[in-house]
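Enquirer: Pasting in a structure now, in structure tokens, and then I'll have a few things to ask.
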Amino acid sequence: MMTLDSAVATAQISDRRVAAAAARTARQATSSPSVAGASGERVVLRPAQRQDAVALDRLAALDGVRRPAGELMLAEVGGEILAAVPVEGGRAIADPFRPTRDLIDLLHARTHLLAARSETGRLRRLRPRLRVRIAA
């Protein structure tokens, strides 16, 4: 027969084990290799250019997919293209042999930011045309 004290103690132990597992998971996530690694390599996000076609084809081949059509945003680490995301949305391509999840998240955030800016700019250009003229 379990007393109230032993039931409370069992529940507390269970809660502490869950908290410890969560802390271990968080610690492992922060100690895992980052995008730039411990060497502090420079990360550059930029639009793809014509001369990037060969590198993008190689990256798509490594990822086992076709290169996305349309305008792409690239992530370079130490001068090497490791990931690319279509600006209009779609599946990212990335080097499967390097940690690139953070890069892809950065690229998605950057493309969303650029899309929001272009929408705001488009609305600003339209604003003078949308003025309502009241006849006196």
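Residues in the structure tokens are named by chain (A, B, ... in the order shown) and by number from 1 within that chain; ligands are numbered from 1 in the order shown.
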Would you mind listing what lies within 8 Å of A:Pro68 as number ranges by chain, with only C-alpha atoms counted and same-chain residues fewer than 4 positions away left out?
Expert: A: 72, 86, 90-91
Enquirer: Next, write the just-selected residues to a file, as an mmCIF file, in the first residue's frame, keeping C-alpha atoms as the atom set.
Expert:
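The result, stored in result.cif:
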```
data_model
loop_
_atom_site.group_PDB
_atom_site.id
_atom_site.type_symbol
_atom_site.label_atom_id
_atom_site.label_comp_id
_atom_site.auth_asym_id
_atom_site.auth_seq_id
_atom_site.Cartn_x
_atom_site.Cartn_y
_atom_site.Cartn_z
ATOM 1 C CA LEU A 72 17.425 31.687 -55.283
ATOM 2 C CA PRO A 86 13.857 29.634 -53.732
ATOM 3 C CA GLY A 90 9.734 25.846 -52.214
ATOM 4 C CA ARG A 91 12.135 23.125 -51.134
#
```
Enquirer: Quick one: residues within 8 Å of A:Leu56, only C-alpha atoms counted, chain neighbours fewer than 4 positions away excluded, as a list in words?
Expert: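 Near A:Leu56, the qualifying residues are Asp52, Ala60, Arg67, Ile81 and Ala84 of chain A.
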Enquirer: Taking N, CA and C atoms for each residue, export the selection above as a JSON list (two decimals), in the first residue's frame.
Expert:
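result-v3.json was written with the following content:
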```json
[["chain", "number", "residue", "atom", "x", "y", "z"],
["A", 52, "ASP", "N", 27.04, 31.37, -60.23],
["A", 52, "ASP", "CA", 26.81, 30.36, -59.21],
["A", 52, "ASP", "C", 26.17, 29.09, -59.76],
["A", 60, "ALA", "N", 22.79, 20.68, -55.73],
["A", 60, "ALA", "CA", 21.55, 19.93, -55.99],
["A", 60, "ALA", "C", 21.86, 18.44, -56.19],
["A", 67, "ARG", "N", 17.92, 21.24, -59.33],
["A", 67, "ARG", "CA", 18.07, 22.62, -58.87],
["A", 67, "ARG", "C", 16.73, 23.34, -59.02],
["A", 81, "ILE", "N", 29.21, 27.65, -51.08],
["A", 81, "ILE", "CA", 27.75, 27.63, -51.03],
["A", 81, "ILE", "C", 27.30, 26.31, -50.40],
["A", 84, "ALA", "N", 20.66, 26.69, -50.45],
["A", 84, "ALA", "CA", 19.94, 27.64, -51.30],
["A", 84, "ALA", "C", 18.45, 27.43, -51.12]]
```
